[in-house]
Each structure stands twice: as structure tokens, then as C-alpha cells.
file target-v1.cif (mmCIF, C-alpha atoms and all ligand atoms)
data_start
#
loop_
_atom_site.group_PDB
_atom_site.id
_atom_site.type_symbol
_atom_site.label_atom_id
_atom_site.label_comp_id
_atom_site.auth_asym_id
_atom_site.auth_seq_id
_atom_site.Cartn_x
_atom_site.Cartn_y
_atom_site.Cartn_z
ATOM 1 C CA MET K 1 -13.271 13.638 3.807
ATOM 2 C CA SER K 2 -16.782 14.169 4.839
ATOM 3 C CA ASN K 3 -18.011 14.392 8.336
ATOM 4 C CA ASP K 4 -19.803 11.130 8.085
ATOM 5 C CA ASP K 5 -18.342 8.732 10.520
ATOM 6 C CA THR K 6 -20.978 7.260 12.673
ATOM 7 C CA PRO K 7 -21.413 6.306 16.294
ATOM 8 C CA PHE K 8 -21.865 2.732 17.254
ATOM 9 C CA ASP K 9 -23.709 3.109 20.508
ATOM 10 C CA LEU K 10 -26.648 1.347 18.992
ATOM 11 C CA GLY K 11 -28.562 -1.200 20.945
ATOM 12 C CA PRO K 12 -29.875 -4.152 19.046
ATOM 13 C CA PRO K 13 -31.713 -4.244 16.752
ATOM 14 C CA PRO K 14 -29.920 -1.802 14.491
ATOM 15 C CA PRO K 15 -31.753 1.173 13.055
ATOM 16 C CA ILE K 16 -32.216 1.588 9.343
ATOM 17 C CA PHE K 17 -29.478 4.135 9.212
ATOM 18 C CA ILE K 18 -27.384 6.252 11.486
ATOM 19 C CA PRO K 19 -27.324 9.991 11.176
ATOM 20 C CA PRO K 20 -23.845 11.370 10.837
ATOM 21 C CA PRO K 21 -22.427 12.850 13.978
ATOM 22 C CA GLY K 22 -20.943 16.236 13.971
ATOM 23 C CA PRO K 23 -20.216 19.154 16.163
ATOM 24 C CA VAL K 24 -23.898 19.375 16.954
ATOM 25 C CA ALA K 25 -24.783 20.562 20.405
ATOM 26 C CA GLY K 26 -26.335 17.808 22.434
ATOM 27 C CA ALA K 27 -25.334 15.065 20.049
ATOM 28 C CA PRO K 28 -24.020 12.034 21.908
ATOM 29 C CA PRO K 29 -20.335 11.394 21.432
ATOM 30 C CA PRO K 30 -19.511 8.375 19.324
ATOM 31 C CA ALA K 31 -18.887 5.273 21.315
ATOM 32 C CA PRO K 32 -15.214 4.422 21.473
ATOM 33 C CA VAL K 33 -15.951 0.957 20.162
ATOM 34 C CA ALA K 34 -16.642 2.515 16.816
ATOM 35 C CA PHE K 35 -13.202 3.467 15.784
ATOM 36 C CA VAL K 36 -11.606 0.407 17.228
ATOM 37 C CA ALA K 37 -13.621 -1.742 14.947
ATOM 38 C CA ARG K 38 -13.264 0.595 12.031
ATOM 39 C CA THR K 39 -9.645 1.443 12.050
ATOM 40 C CA VAL K 40 -7.658 -1.272 13.660
ATOM 41 C CA VAL K 41 -8.112 -3.756 10.878
ATOM 42 C CA PRO K 42 -8.095 -1.951 7.595
ATOM 43 C CA GLU K 43 -8.698 -3.668 4.327
ATOM 44 C CA THR K 44 -5.471 -5.333 3.339
ATOM 45 C CA PRO K 45 -5.858 -7.148 0.066
ATOM 46 C CA ALA K 46 -3.278 -9.633 -1.094
ATOM 47 C CA HIS K 47 -2.452 -7.233 -3.843
ATOM 48 C CA ALA K 48 -1.224 -5.156 -0.945
ATOM 49 C CA ALA K 49 1.192 -7.847 0.036
ATOM 50 C CA HIS K 50 4.090 -5.546 -0.600
ATOM 51 C CA ALA K 51 2.509 -2.599 1.050
ATOM 52 C CA PRO K 52 3.548 -1.654 4.539
ATOM 53 C CA GLN K 53 1.739 -3.620 7.192
ATOM 54 C CA LYS K 54 -0.860 -1.369 8.659
ATOM 55 C CA ILE K 55 -2.840 -3.773 10.760
ATOM 56 C CA MET K 56 -2.878 -3.193 14.468
ATOM 57 C CA ALA K 57 -1.487 0.280 14.161
ATOM 58 C CA LEU K 58 -3.822 1.491 16.829
ATOM 59 C CA SER K 59 -4.023 -1.517 19.033
ATOM 60 C CA ALA K 60 -0.553 -1.242 20.462
ATOM 61 C CA LYS K 61 -1.208 2.252 21.677
ATOM 62 C CA ALA K 62 -2.776 3.572 24.768
ATOM 63 C CA PRO K 63 -6.492 4.236 24.774
ATOM 64 C CA GLY K 64 -7.315 7.516 23.165
ATOM 65 C CA SER K 65 -4.169 7.742 21.145
ATOM 66 C CA TYR K 66 -3.560 7.352 17.469
ATOM 67 C CA THR K 67 -0.392 6.808 15.483
ATOM 68 C CA VAL K 68 -0.246 8.718 12.237
ATOM 69 C CA LYS K 69 0.045 6.471 9.216
ATOM 70 C CA SER K 70 1.190 7.153 5.710
ATOM 71 C CA GLY K 71 -1.404 9.110 3.825
ATOM 72 C CA ASP K 72 -3.235 10.340 6.899
ATOM 73 C CA THR K 73 -4.526 13.849 7.193
ATOM 74 C CA LEU K 74 -5.998 15.409 10.277
ATOM 75 C CA GLY K 75 -9.267 15.665 8.426
ATOM 76 C CA ALA K 76 -9.265 11.969 7.621
ATOM 77 C CA ILE K 77 -8.318 11.025 11.167
ATOM 78 C CA ALA K 78 -11.059 13.253 12.502
ATOM 79 C CA ASP K 79 -13.570 11.697 10.119
ATOM 80 C CA THR K 80 -12.577 8.189 11.001
ATOM 81 C CA HIS K 81 -12.789 8.810 14.716
ATOM 82 C CA GLY K 82 -15.939 10.830 14.755
ATOM 83 C CA THR K 83 -14.300 14.034 15.835
ATOM 84 C CA THR K 84 -13.164 17.283 14.280
ATOM 85 C CA VAL K 85 -9.839 18.720 13.269
ATOM 86 C CA SER K 86 -10.215 21.550 15.725
ATOM 87 C CA ALA K 87 -10.895 19.118 18.559
ATOM 88 C CA ILE K 88 -7.780 17.156 17.660
ATOM 89 C CA LEU K 89 -5.735 20.323 17.530
ATOM 90 C CA LYS K 90 -7.069 21.340 20.910
ATOM 91 C CA ALA K 91 -6.038 18.003 22.390
ATOM 92 C CA ASN K 92 -2.641 18.195 20.732
ATOM 93 C CA PRO K 93 -1.257 21.698 21.307
ATOM 94 C CA GLN K 94 2.114 20.484 20.101
ATOM 95 C CA ILE K 95 0.845 20.578 16.522
ATOM 96 C CA SER K 96 1.862 23.932 15.175
ATOM 97 C CA ASN K 97 0.905 23.335 11.573
ATOM 98 C CA PRO K 98 -2.233 21.216 11.005
ATOM 99 C CA ASN K 99 -1.070 20.426 7.486
ATOM 100 C CA GLN K 100 2.145 18.909 8.709
ATOM 101 C CA ILE K 101 1.748 15.722 10.647
ATOM 102 C CA SER K 102 4.305 13.008 10.314
ATOM 103 C CA VAL K 103 4.091 9.255 10.080
ATOM 104 C CA GLY K 104 4.543 7.680 13.478
ATOM 105 C CA GLN K 105 3.472 10.797 15.311
ATOM 106 C CA GLN K 106 1.290 10.145 18.353
ATOM 107 C CA LEU K 107 -1.952 12.039 18.609
ATOM 108 C CA LYS K 108 -4.349 12.274 21.475
ATOM 109 C CA LEU K 109 -7.873 11.642 20.367
ATOM 110 C CA PRO K 110 -10.392 13.926 21.977
ATOM 111 C CA GLY K 111 -13.428 12.298 23.430
ATOM 112 C CA ALA K 112 -11.769 8.932 23.684
ATOM 113 C CA SER K 113 -9.333 9.603 26.470
ATOM 114 C CA SER K 114 -11.806 9.953 29.268
ATOM 115 C CA GLY K 115 -13.682 6.765 28.526
ATOM 116 C CA THR K 116 -13.011 3.414 30.035
ATOM 117 C CA GLY K 117 -10.728 1.565 27.706
ATOM 118 C CA GLY K 118 -11.649 3.725 24.778
ATOM 119 C CA ALA K 119 -9.341 2.231 22.233
ATOM 120 C CA SER K 120 -8.965 -1.130 23.838
ATOM 121 C CA PRO K 121 -7.766 -3.664 21.307
ATOM 122 C CA GLN K 122 -9.644 -6.561 22.864
ATOM 123 C CA PRO K 123 -11.707 -8.383 20.277
ATOM 124 C CA SER K 124 -14.762 -8.635 22.447
ATOM 125 C CA GLN K 125 -16.018 -5.244 23.410
ATOM 126 C CA PRO K 126 -18.582 -4.812 26.143
ATOM 127 C CA LYS K 127 -21.849 -4.165 24.476
ATOM 128 C CA PRO K 128 -23.596 -0.916 25.209
ATOM 129 C CA PRO K 129 -26.768 -1.255 27.241
ATOM 130 C CA PRO K 130 -29.709 -2.067 25.045
ATOM 131 C CA LYS K 131 -31.928 0.822 24.245
ATOM 132 C CA LYS K 132 -35.650 0.734 24.091
ATOM 133 C CA PRO K 133 -36.792 -1.462 21.266
ATOM 134 C CA PRO K 134 -38.215 0.228 18.223
ATOM 135 C CA PRO K 135 -41.934 -0.117 17.634
ATOM 136 C CA LYS K 136 -41.480 -2.389 14.661
ATOM 137 C CA LYS K 137 -40.033 -5.813 15.131
ATOM 138 C CA PRO K 138 -36.940 -6.424 13.082
ATOM 139 C CA LYS K 139 -37.193 -8.322 9.855
ATOM 140 C CA PRO K 140 -35.527 -11.704 9.740
ATOM 141 C CA ASP K 141 -32.214 -11.997 8.039
ATOM 142 C CA LYS K 142 -32.002 -13.089 4.465
ATOM 143 C CA ASP K 143 -28.415 -14.132 4.292
ATOM 144 C CA ASP K 144 -28.878 -16.800 1.715
ATOM 145 C CA ASP K 145 -28.745 -16.470 -1.973
ATOM 146 C CA LYS K 146 -31.705 -14.494 -3.156
ATOM 147 C CA ASP K 147 -34.745 -15.769 -4.883
ATOM 148 C CA SER K 148 -35.517 -15.052 -8.464
ATOM 149 C CA LYS K 149 -38.078 -12.353 -7.875
ATOM 150 C CA THR K 150 -35.360 -9.835 -7.056
ATOM 151 C CA GLU K 151 -33.282 -10.645 -10.110
ATOM 152 C CA HIS K 152 -34.867 -8.150 -12.444
ATOM 153 C CA LYS K 153 -34.079 -5.489 -9.897
ATOM 154 C CA LEU K 154 -30.355 -6.115 -9.964
ATOM 155 C CA ILE K 155 -27.540 -4.652 -12.008
ATOM 156 C CA PHE K 156 -23.753 -4.913 -12.038
ATOM 157 C CA PRO K 157 -22.062 -2.095 -10.093
ATOM 158 C CA LEU K 158 -19.941 -1.092 -13.088
ATOM 159 C CA TRP K 159 -21.104 0.062 -16.497
ATOM 160 C CA LYS K 160 -18.307 -1.923 -18.100
ATOM 161 C CA LYS K 161 -17.082 -5.414 -17.410
ATOM 162 C CA PRO K 162 -14.293 -5.586 -14.859
ATOM 163 C CA THR K 163 -10.879 -6.189 -16.345
ATOM 164 C CA ALA K 164 -10.218 -9.375 -14.381
ATOM 165 C CA SER K 165 -12.197 -12.199 -12.871
ATOM 166 C CA TRP K 166 -13.290 -11.781 -9.259
ATOM 167 C CA LYS K 167 -12.938 -15.529 -8.784
ATOM 168 C CA ASP K 168 -9.186 -15.923 -9.053
ATOM 169 C CA GLY K 169 -5.899 -14.097 -8.560
ATOM 170 C CA PRO K 170 -5.849 -12.117 -5.332
ATOM 171 C CA ARG K 171 -9.409 -10.994 -5.980
ATOM 172 C CA TYR K 172 -11.581 -13.848 -4.791
ATOM 173 C CA PHE K 173 -13.499 -14.047 -1.539
ATOM 174 C CA GLY K 174 -11.517 -15.910 1.096
ATOM 175 C CA CYS K 175 -8.137 -15.379 -0.558
ATOM 176 C CA PRO K 176 -5.442 -15.440 2.150
ATOM 177 C CA ARG K 177 -4.244 -12.051 3.267
ATOM 178 C CA SER K 178 -1.421 -10.861 5.425
ATOM 179 C CA GLY K 179 -1.621 -11.627 9.114
ATOM 180 C CA GLY K 180 -3.699 -14.751 8.532
ATOM 181 C CA ARG K 181 -6.741 -12.809 7.502
ATOM 182 C CA LYS K 182 -8.959 -13.794 4.612
ATOM 183 C CA HIS K 183 -10.238 -11.495 1.922
ATOM 184 C CA GLY K 184 -13.705 -10.369 2.958
ATOM 185 C CA GLY K 185 -14.981 -9.434 -0.463
ATOM 186 C CA VAL K 186 -14.371 -9.718 -4.170
ATOM 187 C CA ASP K 187 -12.352 -7.219 -6.161
ATOM 188 C CA LEU K 188 -13.734 -5.807 -9.382
ATOM 189 C CA TYR K 189 -10.873 -4.229 -11.274
ATOM 190 C CA ALA K 190 -11.750 -1.108 -13.234
ATOM 191 C CA PRO K 191 -9.996 2.091 -14.252
ATOM 192 C CA PHE K 192 -9.683 4.774 -11.620
ATOM 193 C CA GLY K 193 -12.639 7.105 -11.782
ATOM 194 C CA SER K 194 -15.047 4.602 -13.353
ATOM 195 C CA LYS K 195 -18.591 5.220 -12.240
ATOM 196 C CA ILE K 196 -20.103 2.886 -9.657
ATOM 197 C CA ARG K 197 -23.834 2.311 -9.487
ATOM 198 C CA ALA K 198 -26.180 0.846 -6.936
ATOM 199 C CA ILE K 199 -26.804 -2.831 -7.665
ATOM 200 C CA ALA K 200 -30.426 -2.529 -6.529
ATOM 201 C CA ASP K 201 -32.823 -0.120 -4.916
ATOM 202 C CA GLY K 202 -31.725 0.697 -1.425
ATOM 203 C CA VAL K 203 -30.868 3.211 1.211
ATOM 204 C CA ILE K 204 -27.516 4.692 2.118
ATOM 205 C CA ILE K 205 -26.532 3.443 5.545
ATOM 206 C CA ARG K 206 -23.219 5.180 5.789
ATOM 207 C CA PRO K 207 -21.921 7.763 3.358
ATOM 208 C CA PRO K 208 -18.289 7.599 2.281
ATOM 209 C CA TYR K 209 -15.743 7.161 5.035
ATOM 210 C CA PHE K 210 -12.055 6.344 5.032
ATOM 211 C CA PHE K 211 -11.500 2.687 4.248
ATOM 212 C CA TYR K 212 -8.036 1.754 3.087
ATOM 213 C CA ASP K 213 -4.912 3.139 1.425
ATOM 214 C CA GLY K 214 -6.379 6.474 0.461
ATOM 215 C CA THR K 215 -9.763 5.108 -0.548
ATOM 216 C CA ASN K 216 -13.207 5.325 0.957
ATOM 217 C CA ALA K 217 -16.131 2.970 1.422
ATOM 218 C CA LEU K 218 -19.859 3.443 1.256
ATOM 219 C CA GLU K 219 -22.519 1.215 2.819
ATOM 220 C CA VAL K 220 -25.896 0.635 1.253
ATOM 221 C CA TYR K 221 -28.731 -1.544 2.460
ATOM 222 C CA HIS K 222 -30.438 -3.243 -0.457
ATOM 223 C CA PRO K 223 -33.668 -4.898 0.737
ATOM 224 C CA GLY K 224 -33.798 -8.508 -0.369
ATOM 225 C CA VAL K 225 -30.063 -8.520 -1.007
ATOM 226 C CA GLY K 226 -28.384 -7.367 2.184
ATOM 227 C CA VAL K 227 -25.868 -4.777 3.175
ATOM 228 C CA VAL K 228 -23.274 -3.988 0.547
ATOM 229 C CA ARG K 229 -20.046 -2.234 1.357
ATOM 230 C CA TYR K 230 -18.775 -0.624 -1.824
ATOM 231 C CA GLY K 231 -15.132 -0.467 -0.793
ATOM 232 C CA GLU K 232 -12.071 1.220 -2.245
ATOM 233 C CA ILE K 233 -14.120 3.939 -3.855
ATOM 234 C CA SER K 234 -12.495 7.227 -4.676
ATOM 235 C CA SER K 235 -11.948 9.721 -1.905
ATOM 236 C CA SER K 236 -11.196 12.495 -4.377
ATOM 237 C CA LYS K 237 -13.928 12.015 -6.953
ATOM 238 C CA ARG K 238 -17.130 11.899 -4.994
ATOM 239 C CA VAL K 239 -20.853 11.660 -5.386
ATOM 240 C CA SER K 240 -22.714 13.517 -2.706
ATOM 241 C CA VAL K 241 -24.840 11.067 -0.749
ATOM 242 C CA ARG K 242 -26.129 11.191 2.792
ATOM 243 C CA ALA K 243 -27.217 8.624 5.349
ATOM 244 C CA GLY K 244 -30.847 7.711 4.891
ATOM 245 C CA GLN K 245 -30.914 8.701 1.263
ATOM 246 C CA LYS K 246 -32.787 6.311 -0.980
ATOM 247 C CA VAL K 247 -31.065 5.177 -4.123
ATOM 248 C CA LYS K 248 -32.476 3.444 -7.170
ATOM 249 C CA ARG K 249 -31.044 0.454 -8.925
ATOM 250 C CA GLY K 250 -28.419 1.713 -11.354
ATOM 251 C CA GLU K 251 -28.045 5.066 -9.663
ATOM 252 C CA HIS K 252 -24.553 6.515 -9.786
ATOM 253 C CA ILE K 253 -23.299 6.497 -6.191
ATOM 254 C CA ALA K 254 -19.488 6.630 -6.324
ATOM 255 C CA TYR K 255 -16.340 6.398 -8.424
ATOM 256 C CA VAL K 256 -13.686 3.686 -8.439
ATOM 257 C CA GLY K 257 -10.839 4.723 -6.191
ATOM 258 C CA LEU K 258 -7.091 4.526 -6.474
ATOM 259 C CA LEU K 259 -5.039 2.644 -3.896
ATOM 260 C CA ASP K 260 -2.337 5.159 -3.127
ATOM 261 C CA SER K 261 0.548 2.843 -2.385
ATOM 262 C CA LEU K 262 -0.276 0.282 -5.072
ATOM 263 C CA GLY K 263 -1.452 2.418 -7.954
ATOM 264 C CA MET K 264 -4.311 -0.023 -8.503
ATOM 265 C CA SER K 265 -8.013 0.691 -8.784
ATOM 266 C CA MET K 266 -11.035 -1.472 -8.121
ATOM 267 C CA ILE K 267 -14.250 -1.924 -6.241
ATOM 268 C CA HIS K 268 -13.736 -4.044 -3.161
ATOM 269 C CA PHE K 269 -17.255 -5.489 -2.877
ATOM 270 C CA GLU K 270 -18.479 -6.876 0.454
ATOM 271 C CA LEU K 271 -21.871 -8.394 1.233
ATOM 272 C CA TYR K 272 -23.565 -8.886 4.591
ATOM 273 C CA GLY K 273 -26.863 -10.146 5.868
ATOM 274 C CA GLU K 274 -29.146 -7.331 6.800
ATOM 275 C CA ARG K 275 -28.562 -7.793 10.502
ATOM 276 C CA ALA K 276 -25.180 -6.137 9.906
ATOM 277 C CA ARG K 277 -27.018 -2.952 9.037
ATOM 278 C CA GLY K 278 -25.625 -0.103 11.092
ATOM 279 C CA GLN K 279 -23.046 -2.332 12.772
ATOM 280 C CA ALA K 280 -19.282 -2.161 12.578
ATOM 281 C CA LEU K 281 -18.456 -4.221 9.499
ATOM 282 C CA THR K 282 -14.737 -4.353 10.196
ATOM 283 C CA GLN K 283 -14.075 -6.287 13.360
ATOM 284 C CA MET K 284 -11.178 -7.840 15.217
ATOM 285 C CA SER K 285 -12.331 -11.433 15.398
ATOM 286 C CA GLY K 286 -12.765 -14.269 12.953
ATOM 287 C CA PRO K 287 -10.719 -15.166 9.890
ATOM 288 C CA TYR K 288 -12.199 -12.319 7.901
ATOM 289 C CA ARG K 289 -12.065 -9.708 10.693
ATOM 290 C CA ARG K 290 -15.545 -8.796 9.649
ATOM 291 C CA HIS K 291 -19.026 -8.746 11.104
ATOM 292 C CA PRO K 292 -20.312 -12.336 11.485
ATOM 293 C CA ALA K 293 -23.109 -11.628 9.000
ATOM 294 C CA LEU K 294 -20.485 -11.447 6.249
ATOM 295 C CA VAL K 295 -21.596 -13.392 3.166
ATOM 296 C CA ASN K 296 -19.595 -14.699 0.242
ATOM 297 C CA PRO K 297 -20.697 -12.307 -2.533
ATOM 298 C CA THR K 298 -19.441 -14.425 -5.434
ATOM 299 C CA LYS K 299 -22.823 -15.852 -6.425
ATOM 300 C CA LEU K 300 -24.430 -12.454 -6.217
ATOM 301 C CA VAL K 301 -21.735 -10.857 -8.340
ATOM 302 C CA ASP K 302 -22.016 -13.723 -10.825
ATOM 303 C CA LYS K 303 -25.723 -13.046 -11.030
ATOM 304 C CA LEU K 304 -25.260 -9.307 -11.425
ATOM 305 C CA TYR K 305 -22.819 -9.924 -14.229
ATOM 306 C CA LYS K 306 -25.080 -12.381 -16.005
ATOM 307 C CA LEU K 307 -28.117 -10.118 -15.754
ATOM 308 C CA THR K 308 -26.176 -7.098 -17.002
ATOM 309 C CA PHE K 309 -23.717 -8.298 -19.602
ATOM 310 C CA LYS K 310 -25.111 -11.530 -21.040
HETATM 311 ZN ZN ZN S 401 -10.548 -6.473 -1.858
#

call {"tool": "encode", "arguments": {"input": "target-v1.cif", "output": "C-alpha cells"}}
result
Amino acid sequence: MSNDDTPFDLGPPPPIFIPPPGPVAGAPPPAPVAFVARTVVPETPAHAAHAPQKIMALSAKAPGSYTVKSGDTLGAIADTHGTTVSAILKANPQISNPNQISVGQQLKLPGASSGTGGASPQPSQPKPPPKKPPPKKPKPDKDDDKDSKTEHKLIFPLWKKPTASWKDGPRYFGCPRSGGRKHGGVDLYAPFGSKIRAIADGVIIRPPYFFYDGTNALEVYHPGVGVVRYGEISSSKRVSVRAGQKVKRGEHIAYVGLLDSLGMSMIHFELYGERARGQALTQMSGPYRRHPALVNPTKLVDKLYKLTFK
């Protein structure tokens, strides 16, 4: 796990990218809203239908607490919540061995306990006060399907064709998921460890962070396309990328991950309008439990495929 979770105390409009927080003196603590949005509703594909229900694990708990789930490590929990292992240990003196935490164990989360409703499960969080607007006015959203001039700048995120269609099975966008949720992306099946490349030029918004079932996600802003969350990437095989880093179309940015409890591997591909840039993509409300700028990526993926393999 990298120390790359990001704060969400961003007033509108969002910045191009968010620097990773860390134990840096003077750095503002991450807003508690961040991990609510990030962790309460993990990706739960239909192919996870037989996996243990993990949704709402946090929401039933008191603010500032966390219930250890299967596969968790202190490092991962620290990453996800914008804190450090040592801070967690300090807040939880009952932990004698940091390598031995057990499922169901309650942890206090440092930095979240003193806030007002830090881990509140309410879907509508009070927005942080707006900060001073940046000098440039924000660009308008381009949520719609893209025009042809960007097409030559696009490429499929895998070097090889995925092993199943992203338009049927449990893989398609909108496919019903457990708890009434709908699938917020398309799944591109590929062998574990397959290389993943950037579909277009862009900039890393958020380097890999814990996403779901032992896998990570990576967020890239591709101008003219939108924000892409490359989900279910490997947490063990990693490409070193940092927030703010520019990437070129076709650049190797990650590896396909392995879903621990399912033994399956894929890219879970999500697309958002650019106004989602720097925002919490996983949210409590709506059928998809995603940021409202979520876009059906099927046409884009169709286009990527056609441009790359036909
Ligand atoms: Zn998926």
C-alpha cells in the first residue's frame, strides 16, 4: 500500500490533482468525509455475489471507528483512511502485534474521533466551506461521447483483447449488484498481471489506493475523455506513479489485479465527466453509489476496442 490516499477538503471547483497526504508537518488532516465516501461502499460486482457482504461495514459503527474486514492490513487501513500505521497503533494500545489484527476487531481511527460526525454514514455530507477560487475558471464538462478528433489519441487499456465481452454477463454497466446497487463500470477480463495502459494522454489524479477485495484503483484525468478509474488493478504488482504525473497514451500504468476471494482478475473500468476530478468517486447515494458525473463507459470502450484491435 502506498501512502496515497487523499483528502477531500476541496472546495469547488476541484483542482487538477491532489497531493498525497502524509505525515508531513503542517499538512492539513484529511477531511473525515473522505473515507466515508471511499470505504463504506466498496466495489461489489455481481461476480462477487457469493462473496461476503462488505457494504456498510463502517456505517454501523461509531464515528472514528473501523471494523477490520477480511484481507485488511493495518497498512491498508491506514492508507485508506489517510493516516499511518503508527498513528493507528497509538490510538489502539490494545494491539500488541501490528501484524495480527482479526476480522471484526474494532479499531479507533486517529484524527477522525475528534471531528464532528467523522464517520457519519449519512449520504449527504455537509460540504466544506468553499475555498478561494483558483485564478482560472473551470472548463465545462464534456460528459458526452467524444468527438472524432480525439479518436486517434485513444487506445484500449489492455494489449490483448479481453477474454469476455464487457456488454453481457455480470460485466456490463448497470448490471444489478447486491444491495440494490448497479454496476458502475464495465469489467474487462484479463489474466492476473496483464499490463494496463493509459487509454489517452492524461494526468494521474490519484495514485493506487485500496479499492476492493485485495485490489487497488488508480484515477487518471484524460482531457477530452474524462476521469477514468482503472479499478481492480493489482496491489502487489505495481507501477510507480504519483499524483500530478503526466502519462502518455499507451503508457504502462498498472497491472491487472486479482480479486482475493473470487480468484478472478479484470479491469473494472469507470468513466466520469471531468467535474468528478478530485472528488470522491464512490458515494453513498444513487443507484450506482457513485459520483453523479458517472458516465456509461460502454461506447468509449467499444471505440477503444475498435481503434485498437480492428
Ligand atoms: Zn466491475

call {"tool": "atom_distance", "arguments": {"input": "target-v1.cif", "atom1": "atom CA of K:Val241", "atom2": "atom CA of K:Lys306"}}
result
28.0 Å

call {"tool": "residues_near_point", "arguments": {"input": "target-v1.cif", "point": "(4.4, 13.7, 9.2)", "cutoff": "9 Å", "atoms": "all atoms listed in the file", "output": "PyMOL selection string"}}
result
chain K and resi 68-70+72+99-105

call {"tool": "residues_near_ligand", "arguments": {"input": "target-v1.cif", "ligand": "ligand ZN 401 (chain S)", "cutoff": "10 Å", "atoms": "all atoms listed in the file", "output": "number ranges by chain"}}
result
K: 43-48, 166, 170-175, 177, 182-189, 212, 231-232, 266-270

call {"tool": "residues_around", "arguments": {"input": "target-v1.cif", "residues": "stretch 84-95 of chain K", "least_positions_apart": "5", "cutoff": "6 Å", "atoms": "only C-alpha atoms", "output": "number ranges by chain"}}
result
K: 74-75, 78, 110

call {"tool": "residues_around", "arguments": {"input": "target-v1.cif", "residues": "K:Phe192", "least_positions_apart": "6", "cutoff": "6 Å", "atoms": "all atoms listed in the file", "output": "PyMOL selection string"}}
result
chain K and resi 256-258+265

call {"tool": "closest_residue", "arguments": {"input": "target-v1.cif", "among": "K:Ala280, K:Tyr288, K:Gly273, K:Gly180", "to": "K:Gly224", "atoms": "all atoms listed in the file"}}
result
K:Gly273

call {"tool": "closest_residue", "arguments": {"input": "target-v1.cif", "among": "K:Lys299, K:Asp260, K:Ile204, K:Gly82", "to": "K:Glu219", "atoms": "only C-alpha atoms"}}
result
K:Ile204

call {"tool": "closest_residue", "arguments": {"input": "target-v1.cif", "among": "K:His222, K:Arg238, K:Lys246, K:His252", "to": "K:Arg197", "atoms": "only C-alpha atoms"}}
result
K:His252

call {"tool": "atom_distance", "arguments": {"input": "target-v1.cif", "atom1": "atom CA of K:Asp302", "atom2": "atom CA of K:Gly169"}}
result
16.3 Å

call {"tool": "residues_around", "arguments": {"input": "target-v1.cif", "residues": "K:Tyr66", "least_positions_apart": "6", "cutoff": "8 Å", "atoms": "all atoms listed in the file", "output": "compact mmCIF listing (two decimals) with C-alpha atoms, keeping the file's coordinate frame"}}
result
# COMPACT_ATOMS: atom_id res chain seq x y z
CA LEU K 58 -3.82 1.49 16.83
CA GLN K 106 1.29 10.14 18.35
CA LEU K 107 -1.95 12.04 18.61
CA LYS K 108 -4.35 12.27 21.48
CA LEU K 109 -7.87 11.64 20.37

call {"tool": "atom_distance", "arguments": {"input": "target-v1.cif", "atom1": "atom CA of K:Ile253", "atom2": "atom CA of K:Tyr230"}}
result
9.5 Å

call {"tool": "closest_residue", "arguments": {"input": "target-v1.cif", "among": "K:Pro208, K:Lys195, K:Val225, K:Ser178", "to": "K:Leu304", "atoms": "all atoms listed in the file"}}
result
K:Val225

call {"tool": "resolve_selection", "arguments": {"input": "target-v1.cif", "expression": "the PyMOL selection byres (((chain K and resi 227) around 6) and not hetatm)", "output": "PyMOL selection string"}}
result
chain K and resi 220-221+226+228+271-272+274

call {"tool": "closest_residue", "arguments": {"input": "target-v1.cif", "among": "K:Arg242, K:Arg229, K:Asp201, K:Gly263", "to": "K:Leu294", "atoms": "only C-alpha atoms"}}
result
K:Arg229

call {"tool": "closest_residue", "arguments": {"input": "target-v1.cif", "among": "K:Arg181, K:Lys248, K:Lys303, K:Lys160", "to": "K:Arg290", "atoms": "only C-alpha atoms"}}
result
K:Arg181
